[in-house]
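Please read the structure below before turning to the comments.
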Amino acid sequence: MNSTAKSSRPRTRHTGAAAVALTAAAALLAGCSSDSDGTSDNPLAGDKAEAGTVVVGSNNFAESTLLADIYGEALKAKGLKVTYKHNIGSRETTYGMMKNGSVTVLPEYNGSLLAYLDPKAEQKSVEAVNEAAKAKLDKKLTLLESSPAENKDSVSVNAETAKKYGLTAESTLADLKDVAPDLVIGGSPEFQTRQQGLKGLESVYGLKFKSFKALDAGGPLTQSALTKNDVQAADVFTTDPTIIKEKFVVLKDPENLFGHANVTPLVTKDGLDKEGVATLNAVSAKLDTETLLDLDAQVQLDKKDPLDVAKEWLKSAGLL
């Protein structure tokens with residue numbers, strides 16, 4: 001996920017960050033005023049979706065736009081009338097627009113959504129996360145089936161380090177135990193003090209690194225440092241196209257230290273009929289992390305139009 005994405009999608013353990021974001025959003029909306037023609041510039045004051053029309057929204061980062069196009073085009077293929085509201089903003093805004101009915105369908109990440117709704121909730125399994133999130137959702141909203149595709153934190157190593165220590169895509173964090181003392185790991189400053197960071201890596205996997213280098217939250221500083229071998233391991237999001245470009249190796253997390261972030265449609269209960277629900281569930285069944293990483297790379301690295309990428313994948317998956 002690119003750096004814009006990270007600022008828009010609260011990570012599963014950012015209790016403090018979520019609170020700050022909520023406060024900021026409240027202040028922003030409180031400052032919204034009506035224009036001279038009587039219309040409001042408050043994004044949460046949007047009209048409810050027209051009857052018979054499915055409004056597919058997205059947050060303000062590239063992967064969310066791509067996923068919205070995938071959902072929307074799949075629904076169009078079933079004869080539903082679909083319109084788009086792309087790049088709306090952060091979760092504070094998009095969730096509000098879901099509640100007021102001006103958006104019908106939104107690509108979400110189940111664990112991140114649960115952390116927004118209940119920062120203290122445990123995330124033991126995909127099913128448990130979804131049930132807990134559903135219990136906290138506004139009564140007009142629900143989650144559909146989650147896809148296997150996840151965009152979440154990972155410890156990734158660069159190609160040079162992977163080759164040196166024989167690490168592959170099948171390697172796990174436990175495989176770093178003997179070599180971690182030789183490695184510098186990078187991440188956001190808070191990664192150093194979080195359980196879902198260095199603390200957890202040590203307590204869960206027994207990893208003690210040579211040192212820690214404070215960078216950003218998987219953004220350009222982290223990507224550059226890992227590419228240049230200034231750090232040998234780093235916190236990188238699992239669908240960041242840099243993984244493909246620079247041949248980073250993402251280490252598996254069998255103990256689920258980093259929680260869940262499965263791509264999951266958030267929908268209004270009265271906004272989709274049974275066929276619409278079945279259509280989005282069929283999309284989820286065929287979307288995995290490897291596929292999403294490839295699609296993201298086509299958009300963010302190859303600069304293809306996300307709508308074209310969405311249509312091509314739906315055709316290849318037999319969904320269009």
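Labels for the structure tokens follow display order: chains A, B, ..., residues from 1 in each chain, ligands from 1.
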Which residues come within 7 Å of region 52-54 of chain A, counting only C-alpha atoms, excluding same-chain residues fewer than 3 positions away, as an MDAnalysis selection string?
chainID A and resid 49 81:83 104 271
Could you take the residues named above and write them with N, CA and C atoms, as a PDB file, in the first residue's frame?
```pdb
ATOM      1  N   ALA A  49     -28.557   7.654  -1.500  1.00  0.00           N
ATOM      2  CA  ALA A  49     -28.481   7.073  -2.838  1.00  0.00           C
ATOM      3  C   ALA A  49     -29.873   6.934  -3.438  1.00  0.00           C
ATOM      4  N   LYS A  81     -27.723  -0.806 -11.616  1.00  0.00           N
ATOM      5  CA  LYS A  81     -27.324   0.561 -11.939  1.00  0.00           C
ATOM      6  C   LYS A  81     -26.316   1.016 -10.892  1.00  0.00           C
ATOM      7  N   VAL A  82     -25.117   1.391 -11.348  1.00  0.00           N
ATOM      8  CA  VAL A  82     -24.024   1.713 -10.426  1.00  0.00           C
ATOM      9  C   VAL A  82     -23.450   3.085 -10.731  1.00  0.00           C
ATOM     10  N   THR A  83     -23.214   3.861  -9.682  1.00  0.00           N
ATOM     11  CA  THR A  83     -22.458   5.104  -9.806  1.00  0.00           C
ATOM     12  C   THR A  83     -21.319   5.059  -8.791  1.00  0.00           C
ATOM     13  N   THR A 104     -23.498   3.206  -0.842  1.00  0.00           N
ATOM     14  CA  THR A 104     -24.122   1.898  -0.649  1.00  0.00           C
ATOM     15  C   THR A 104     -23.110   0.800  -0.376  1.00  0.00           C
ATOM     16  N   GLY A 271     -29.431  -1.679   0.528  1.00  0.00           N
ATOM     17  CA  GLY A 271     -28.889  -1.142  -0.720  1.00  0.00           C
ATOM     18  C   GLY A 271     -28.601  -2.177  -1.782  1.00  0.00           C
TER      19      GLY A 271
END
```
Minimum-distance residue to Asp294 (chain A), chosen among A:Ala282, A:Ile243, A:Ala68, A:Val250 (using only C-alpha atoms)
A:Ile243
Computed interatomic separation between CA of Tyr109 (chain A) and CA of Thr264 (chain A) (Å):
5.7 Å
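Considering only C-alpha atoms, the residue among A:Leu167, A:Leu272, A:Leu176, A:Ala135 positioned nearest to Ala51 (chain A) is A:Leu272.
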With only C-alpha atoms as the basis for distance, which of A:Phe191, A:Phe248, A:Tyr71, A:Tyr116 is at the shortest distance from Asn158 (chain A)?
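Comparing A:Phe191, A:Phe248, A:Tyr71, A:Tyr116 against Asn158 (chain A), the winner is A:Phe248.
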